[in-house]
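Okay, protein18.txt is below, compact mmCIF, N, CA and C atoms:
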# COMPACT_ATOMS: atom_id res chain seq x y z
N MET B 13 -36.76 44.95 -19.43
CA MET B 13 -38.07 45.36 -19.86
C MET B 13 -39.02 44.18 -19.76
N LYS B 14 -40.30 44.47 -19.78
CA LYS B 14 -41.33 43.44 -19.69
C LYS B 14 -42.15 43.42 -20.98
N ILE B 15 -42.58 42.23 -21.36
CA ILE B 15 -43.55 42.10 -22.44
C ILE B 15 -44.70 41.23 -21.94
N ILE B 16 -45.86 41.45 -22.49
CA ILE B 16 -47.03 40.67 -22.14
C ILE B 16 -47.33 39.75 -23.32
N VAL B 17 -47.43 38.46 -23.04
CA VAL B 17 -47.66 37.47 -24.09
C VAL B 17 -49.00 36.79 -23.83
N LEU B 18 -49.86 36.82 -24.85
CA LEU B 18 -51.13 36.12 -24.78
C LEU B 18 -50.98 34.83 -25.60
N HIS B 19 -51.28 33.72 -24.96
CA HIS B 19 -51.13 32.43 -25.62
C HIS B 19 -52.09 31.44 -24.98
N ASN B 20 -52.86 30.75 -25.82
CA ASN B 20 -53.83 29.77 -25.33
C ASN B 20 -54.75 30.37 -24.26
N ASP B 21 -55.21 31.59 -24.52
CA ASP B 21 -56.14 32.30 -23.64
C ASP B 21 -55.56 32.63 -22.27
N THR B 22 -54.25 32.60 -22.13
CA THR B 22 -53.63 33.04 -20.89
C THR B 22 -52.70 34.21 -21.18
N LYS B 23 -52.55 35.07 -20.20
CA LYS B 23 -51.70 36.24 -20.33
C LYS B 23 -50.53 36.07 -19.37
N ARG B 24 -49.33 36.29 -19.88
CA ARG B 24 -48.13 36.10 -19.06
C ARG B 24 -47.18 37.27 -19.27
N GLU B 25 -46.68 37.83 -18.19
CA GLU B 25 -45.68 38.90 -18.27
C GLU B 25 -44.30 38.26 -18.14
N VAL B 26 -43.42 38.59 -19.08
CA VAL B 26 -42.08 37.99 -19.06
C VAL B 26 -41.01 39.07 -19.22
N ASP B 27 -39.84 38.77 -18.72
CA ASP B 27 -38.69 39.65 -18.89
C ASP B 27 -38.15 39.50 -20.30
N ALA B 28 -37.76 40.62 -20.88
CA ALA B 28 -37.17 40.61 -22.22
C ALA B 28 -35.88 41.41 -22.18
N GLU B 29 -34.81 40.78 -22.60
CA GLU B 29 -33.51 41.45 -22.58
C GLU B 29 -33.41 42.43 -23.75
N ILE B 30 -32.95 43.61 -23.45
CA ILE B 30 -32.74 44.64 -24.46
C ILE B 30 -31.70 44.13 -25.46
N GLY B 31 -31.98 44.34 -26.74
CA GLY B 31 -31.05 43.95 -27.80
C GLY B 31 -31.35 42.60 -28.42
N LEU B 32 -32.14 41.76 -27.74
CA LEU B 32 -32.52 40.48 -28.32
C LEU B 32 -33.75 40.68 -29.20
N SER B 33 -33.91 39.82 -30.18
CA SER B 33 -35.13 39.88 -30.98
C SER B 33 -36.26 39.31 -30.13
N LEU B 34 -37.46 39.72 -30.45
CA LEU B 34 -38.63 39.20 -29.75
C LEU B 34 -38.69 37.67 -29.90
N MET B 35 -38.31 37.16 -31.06
CA MET B 35 -38.27 35.71 -31.29
C MET B 35 -37.35 35.04 -30.27
N GLU B 36 -36.16 35.59 -30.07
CA GLU B 36 -35.21 35.00 -29.12
C GLU B 36 -35.77 35.02 -27.71
N VAL B 37 -36.41 36.11 -27.33
CA VAL B 37 -37.00 36.22 -26.00
C VAL B 37 -38.09 35.17 -25.81
N LEU B 38 -38.98 35.05 -26.79
CA LEU B 38 -40.07 34.09 -26.67
C LEU B 38 -39.54 32.66 -26.53
N LYS B 39 -38.57 32.30 -27.35
CA LYS B 39 -37.99 30.96 -27.26
C LYS B 39 -37.30 30.75 -25.92
N LYS B 40 -36.56 31.75 -25.47
CA LYS B 40 -35.83 31.66 -24.21
C LYS B 40 -36.78 31.50 -23.02
N ARG B 41 -37.97 32.07 -23.14
CA ARG B 41 -38.96 32.01 -22.05
C ARG B 41 -39.88 30.80 -22.17
N GLY B 42 -39.59 29.89 -23.12
CA GLY B 42 -40.31 28.63 -23.20
C GLY B 42 -41.57 28.62 -24.03
N PHE B 43 -41.82 29.66 -24.79
CA PHE B 43 -42.99 29.66 -25.67
C PHE B 43 -42.68 28.87 -26.93
N TYR B 44 -43.69 28.21 -27.46
CA TYR B 44 -43.49 27.45 -28.69
C TYR B 44 -43.50 28.40 -29.88
N VAL B 45 -42.32 28.69 -30.36
CA VAL B 45 -42.12 29.53 -31.55
C VAL B 45 -41.13 28.75 -32.41
N PRO B 46 -41.62 28.04 -33.44
CA PRO B 46 -40.73 27.18 -34.22
C PRO B 46 -39.49 27.89 -34.77
N ALA B 47 -39.68 29.08 -35.34
CA ALA B 47 -38.56 29.83 -35.91
C ALA B 47 -37.64 28.90 -36.71
N SER B 48 -38.25 28.16 -37.60
CA SER B 48 -37.54 27.13 -38.37
C SER B 48 -36.33 27.63 -39.12
N CYS B 49 -36.34 28.88 -39.53
CA CYS B 49 -35.22 29.42 -40.31
C CYS B 49 -34.19 30.13 -39.44
N GLY B 50 -34.41 30.14 -38.12
CA GLY B 50 -33.46 30.77 -37.22
C GLY B 50 -33.44 32.29 -37.27
N GLY B 51 -34.46 32.89 -37.84
CA GLY B 51 -34.53 34.35 -37.85
C GLY B 51 -34.09 34.99 -39.15
N SER B 52 -34.04 34.23 -40.22
CA SER B 52 -33.57 34.79 -41.50
C SER B 52 -34.72 35.21 -42.42
N MET B 53 -35.93 35.29 -41.88
CA MET B 53 -37.13 35.69 -42.63
C MET B 53 -37.45 34.76 -43.80
N ALA B 54 -37.23 33.48 -43.63
CA ALA B 54 -37.49 32.54 -44.71
C ALA B 54 -38.67 31.62 -44.44
N CYS B 55 -39.21 31.61 -43.21
CA CYS B 55 -40.22 30.60 -42.92
C CYS B 55 -41.55 31.14 -42.39
N SER B 56 -41.56 32.23 -41.72
CA SER B 56 -42.72 32.88 -41.11
C SER B 56 -43.22 32.18 -39.85
N THR B 57 -42.52 31.19 -39.32
CA THR B 57 -43.01 30.46 -38.15
C THR B 57 -42.76 31.19 -36.82
N CYS B 58 -42.22 32.38 -36.88
CA CYS B 58 -42.04 33.17 -35.66
C CYS B 58 -43.05 34.31 -35.60
N GLN B 59 -44.08 34.22 -36.42
CA GLN B 59 -45.06 35.31 -36.49
C GLN B 59 -45.77 35.52 -35.16
N VAL B 60 -46.05 36.77 -34.87
CA VAL B 60 -46.82 37.17 -33.69
C VAL B 60 -47.83 38.22 -34.13
N ILE B 61 -48.82 38.41 -33.31
CA ILE B 61 -49.81 39.46 -33.56
C ILE B 61 -49.58 40.54 -32.51
N ILE B 62 -49.22 41.71 -32.98
CA ILE B 62 -48.95 42.84 -32.09
C ILE B 62 -50.28 43.47 -31.68
N ASP B 63 -50.43 43.79 -30.40
CA ASP B 63 -51.61 44.48 -29.95
C ASP B 63 -51.76 45.78 -30.74
N ALA B 64 -52.97 46.08 -31.17
CA ALA B 64 -53.21 47.25 -32.03
C ALA B 64 -52.71 48.55 -31.41
N HIS B 65 -52.78 48.68 -30.10
CA HIS B 65 -52.30 49.90 -29.43
C HIS B 65 -50.79 50.05 -29.51
N TRP B 66 -50.09 48.96 -29.71
CA TRP B 66 -48.64 48.97 -29.76
C TRP B 66 -48.09 49.02 -31.18
N TYR B 67 -48.91 48.69 -32.15
CA TYR B 67 -48.40 48.50 -33.52
C TYR B 67 -47.62 49.70 -34.05
N ASP B 68 -48.09 50.89 -33.81
CA ASP B 68 -47.41 52.08 -34.33
C ASP B 68 -46.16 52.46 -33.52
N HIS B 69 -45.92 51.76 -32.43
CA HIS B 69 -44.74 52.04 -31.59
C HIS B 69 -43.52 51.21 -31.98
N ILE B 70 -43.72 50.23 -32.84
CA ILE B 70 -42.58 49.43 -33.28
C ILE B 70 -42.18 49.88 -34.67
N PRO B 71 -40.91 49.71 -35.02
CA PRO B 71 -40.49 50.11 -36.37
C PRO B 71 -41.30 49.39 -37.44
N ALA B 72 -41.57 50.09 -38.51
CA ALA B 72 -42.33 49.52 -39.63
C ALA B 72 -41.57 48.33 -40.23
N PRO B 73 -42.29 47.37 -40.78
CA PRO B 73 -41.61 46.23 -41.41
C PRO B 73 -40.84 46.69 -42.65
N THR B 74 -39.73 46.03 -42.89
CA THR B 74 -38.96 46.31 -44.10
C THR B 74 -39.72 45.73 -45.29
N GLU B 75 -39.29 46.07 -46.47
CA GLU B 75 -39.90 45.51 -47.67
C GLU B 75 -39.75 43.99 -47.71
N ASP B 76 -38.58 43.50 -47.28
CA ASP B 76 -38.37 42.05 -47.25
C ASP B 76 -39.34 41.36 -46.28
N GLU B 77 -39.53 41.96 -45.10
CA GLU B 77 -40.47 41.38 -44.15
C GLU B 77 -41.90 41.43 -44.72
N GLU B 78 -42.26 42.53 -45.33
CA GLU B 78 -43.60 42.63 -45.93
C GLU B 78 -43.83 41.55 -46.98
N ASP B 79 -42.78 41.23 -47.76
CA ASP B 79 -42.90 40.17 -48.77
C ASP B 79 -43.23 38.83 -48.11
N VAL B 80 -42.60 38.54 -46.97
CA VAL B 80 -42.88 37.29 -46.25
C VAL B 80 -44.28 37.36 -45.64
N LEU B 81 -44.61 38.47 -45.01
CA LEU B 81 -45.93 38.61 -44.38
C LEU B 81 -47.05 38.41 -45.40
N ASP B 82 -46.86 38.89 -46.61
CA ASP B 82 -47.89 38.76 -47.65
C ASP B 82 -48.20 37.31 -48.00
N MET B 83 -47.32 36.39 -47.67
CA MET B 83 -47.54 34.98 -48.00
C MET B 83 -48.17 34.19 -46.86
N ILE B 84 -48.41 34.83 -45.71
CA ILE B 84 -48.97 34.13 -44.56
C ILE B 84 -50.49 34.02 -44.71
N PRO B 85 -51.03 32.80 -44.75
CA PRO B 85 -52.47 32.63 -44.94
C PRO B 85 -53.31 33.25 -43.82
N GLN B 86 -52.83 33.19 -42.59
CA GLN B 86 -53.60 33.69 -41.45
C GLN B 86 -53.18 35.10 -41.03
N LEU B 87 -52.73 35.89 -41.99
CA LEU B 87 -52.26 37.25 -41.74
C LEU B 87 -53.35 38.13 -41.14
N THR B 88 -52.98 38.92 -40.14
CA THR B 88 -53.88 39.92 -39.57
C THR B 88 -53.25 41.29 -39.85
N PRO B 89 -53.98 42.37 -39.65
CA PRO B 89 -53.40 43.70 -39.90
C PRO B 89 -52.19 44.03 -39.04
N THR B 90 -52.02 43.33 -37.91
CA THR B 90 -50.89 43.63 -37.03
C THR B 90 -49.92 42.46 -36.87
N THR B 91 -49.96 41.50 -37.78
CA THR B 91 -49.01 40.38 -37.74
C THR B 91 -47.63 40.88 -38.12
N ARG B 92 -46.64 40.42 -37.36
CA ARG B 92 -45.24 40.73 -37.65
C ARG B 92 -44.40 39.48 -37.42
N LEU B 93 -43.19 39.48 -37.95
CA LEU B 93 -42.23 38.41 -37.68
C LEU B 93 -41.45 38.81 -36.44
N SER B 94 -41.51 37.98 -35.41
CA SER B 94 -40.86 38.34 -34.15
C SER B 94 -39.34 38.40 -34.27
N CYS B 95 -38.79 37.77 -35.30
CA CYS B 95 -37.34 37.83 -35.49
C CYS B 95 -36.89 39.23 -35.94
N GLN B 96 -37.83 40.05 -36.37
CA GLN B 96 -37.50 41.38 -36.88
C GLN B 96 -37.78 42.50 -35.89
N ILE B 97 -38.25 42.16 -34.71
CA ILE B 97 -38.53 43.16 -33.69
C ILE B 97 -37.47 43.04 -32.60
N ILE B 98 -36.67 44.08 -32.47
CA ILE B 98 -35.59 44.10 -31.48
C ILE B 98 -36.09 44.79 -30.22
N CYS B 99 -35.92 44.13 -29.09
CA CYS B 99 -36.41 44.66 -27.82
C CYS B 99 -35.59 45.88 -27.40
N ASN B 100 -36.30 46.91 -26.99
CA ASN B 100 -35.67 48.12 -26.47
C ASN B 100 -36.60 48.73 -25.43
N GLU B 101 -36.11 49.70 -24.66
CA GLU B 101 -36.88 50.29 -23.57
C GLU B 101 -38.21 50.87 -24.03
N ALA B 102 -38.26 51.38 -25.26
CA ALA B 102 -39.51 51.98 -25.77
C ALA B 102 -40.62 50.94 -25.89
N LEU B 103 -40.26 49.65 -25.90
CA LEU B 103 -41.25 48.59 -26.04
C LEU B 103 -41.62 47.95 -24.71
N ASN B 104 -41.21 48.58 -23.60
CA ASN B 104 -41.55 48.06 -22.28
C ASN B 104 -43.08 48.00 -22.15
N GLY B 105 -43.61 46.81 -21.89
CA GLY B 105 -45.05 46.61 -21.78
C GLY B 105 -45.71 46.15 -23.06
N LEU B 106 -44.91 45.94 -24.12
CA LEU B 106 -45.43 45.48 -25.40
C LEU B 106 -46.32 44.25 -25.20
N GLU B 107 -47.47 44.24 -25.88
CA GLU B 107 -48.37 43.10 -25.82
C GLU B 107 -48.41 42.41 -27.16
N VAL B 108 -48.16 41.09 -27.14
CA VAL B 108 -48.21 40.29 -28.36
C VAL B 108 -49.04 39.04 -28.10
N THR B 109 -49.62 38.53 -29.17
CA THR B 109 -50.37 37.27 -29.10
C THR B 109 -49.69 36.27 -30.01
N LEU B 110 -49.49 35.07 -29.50
CA LEU B 110 -48.97 33.99 -30.33
C LEU B 110 -50.16 33.35 -31.04
N PRO B 111 -50.09 33.26 -32.38
CA PRO B 111 -51.21 32.66 -33.10
C PRO B 111 -51.38 31.19 -32.76
N LYS B 112 -52.60 30.72 -32.84
CA LYS B 112 -52.88 29.31 -32.55
C LYS B 112 -52.28 28.39 -33.60
N GLU B 113 -52.07 28.92 -34.80
CA GLU B 113 -51.55 28.12 -35.91
C GLU B 113 -50.58 28.97 -36.73
N VAL B 114 -49.48 28.37 -37.15
CA VAL B 114 -48.53 29.04 -38.05
C VAL B 114 -48.26 28.13 -39.23
N THR B 115 -47.97 28.76 -40.35
CA THR B 115 -47.66 28.03 -41.57
C THR B 115 -46.22 28.33 -41.92
N SER B 116 -45.45 27.30 -42.20
CA SER B 116 -44.07 27.51 -42.60
C SER B 116 -43.99 27.69 -44.12
N LEU B 117 -43.34 28.76 -44.52
CA LEU B 117 -43.13 28.99 -45.95
C LEU B 117 -42.03 28.08 -46.51
N LEU B 118 -41.27 27.44 -45.64
CA LEU B 118 -40.21 26.52 -46.09
C LEU B 118 -40.80 25.28 -46.74
N SER B 119 -42.01 24.93 -46.36
CA SER B 119 -42.62 23.70 -46.88
C SER B 119 -43.40 23.93 -48.17
N ARG B 120 -43.37 25.14 -48.67
CA ARG B 120 -44.12 25.45 -49.90
C ARG B 120 -43.32 25.17 -51.12
Is it possible to express this structure as structure tokens?
Amino acid sequence: MKIIVLHNDTKREVDAEIGLSLMEVLKKRGFYVPASCGGSMACSTCQVIIDAHWYDHIPAPTEDEEDVLDMIPQLTPTTRLSCQIICNEALNGLEVTLPKEVTSLLSR
């Protein structure tokens, strides 16, 4: 499957393996995604902004993810943790934006 990543005002289409988290795909494709906690929802440094047209096509965040999202200072209505989005065929063409700045909840 393909995903479209917007970062530093550039748009890039990348291959995403089915079954991997979006966080794993982004790191594997060389994007700077700190993911300080390794995907355990403890840091928020893997946050991405989902394109509004795609937001309703991904599974809703769990209560645990919502708790982490609520602590992100630069939260947008479509911010999600990329470690919690698993790539599947239904997400082919998904568009995400990497935020210019992320805050780690581990340092709080």
* Grab the atom CA of Met13 of chain B to atom C of Asp68 of chain B distance for me, in Å with one decimal place. => 17.4 Å
Hey, could you make a per-residue contact list for segment 39-78 of chain B against segment 84-91 of chain B with 8 Å as the cut-off, showing the nearest pair of atoms and its distance in Å to one decimal, counting all atoms listed in the file, sorted by chain and number, as JSON lines?
{"residue": "B:Ser56", "atom": "CA", "partner": "B:Ile84", "partner_atom": "CA", "distance": 7.2}
{"residue": "B:Gln59", "atom": "CA", "partner": "B:Thr91", "partner_atom": "C", "distance": 6.3}
{"residue": "B:Val60", "atom": "C", "partner": "B:Thr91", "partner_atom": "CA", "distance": 4.4}
{"residue": "B:Ile61", "atom": "CA", "partner": "B:Thr91", "partner_atom": "CA", "distance": 4.4}
{"residue": "B:Ile62", "atom": "N", "partner": "B:Thr90", "partner_atom": "C", "distance": 4.0}
{"residue": "B:Asp63", "atom": "N", "partner": "B:Thr90", "partner_atom": "C", "distance": 6.6}
{"residue": "B:Ala64", "atom": "CA", "partner": "B:Thr90", "partner_atom": "CA", "distance": 6.6}
{"residue": "B:Tyr67", "atom": "CA", "partner": "B:Thr90", "partner_atom": "CA", "distance": 6.5}
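Near (-40.9, 35.0, -48.4), the residues inside the 6 Å limit, counting only N, CA and C atoms, come to Met53, Ala54, Asp79 and Val80 of chain B.
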* To do: Would you mind listing what lies within 8 Å of Glu36 of chain B as a list of chain:residue names, with only N, CA and C atoms counted and same-chain residues fewer than 6 positions away left out?
  => B:Ala28, B:Glu29, B:Gly42, B:Ser94, B:Cys95, B:Gln96, B:Ile97
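Atom CA of Glu78 of chain B to atom CA of Lys112 of chain B spans 21.0 Å [interatomic distance, one decimal].
Nearest to Gly51 of chain B of all the residues B:Ile16, B:Ile70, B:Leu93, B:Val26 is B:Leu93, based on only C-alpha atoms.
Distance check against Leu32 of chain B using only N, CA and C atoms: of B:Ser48, B:Pro71, B:Leu103, B:Ile98, the minimum falls on B:Ile98.
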* Excluding Leu110 of chain B and residues on its chain fewer than 5 positions from it, collect all residues at most 9 Å away from it, counting only C-alpha atoms, and give them as a ChimeraX atom specification. => /B:17-20,43-45,58-61
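Coordinates place atom CA of Lys23 of chain B at a distance of 8.9 Å from atom CA of Thr109 of chain B.
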* Which of chain B counts as strand (DSSP E or B) under DSSP, as a PyMOL selection string please? -> chain B and resi 14-19+22-27+33+59-62+91-93+98+106-109
* Select from chain B everything DSSP, run on the backbone, classes as helix (DSSP H, G or I), then give the selection as a PyMOL selection string. => chain B and resi 34-40+67-69+75-81+94-96+101-103+117-119
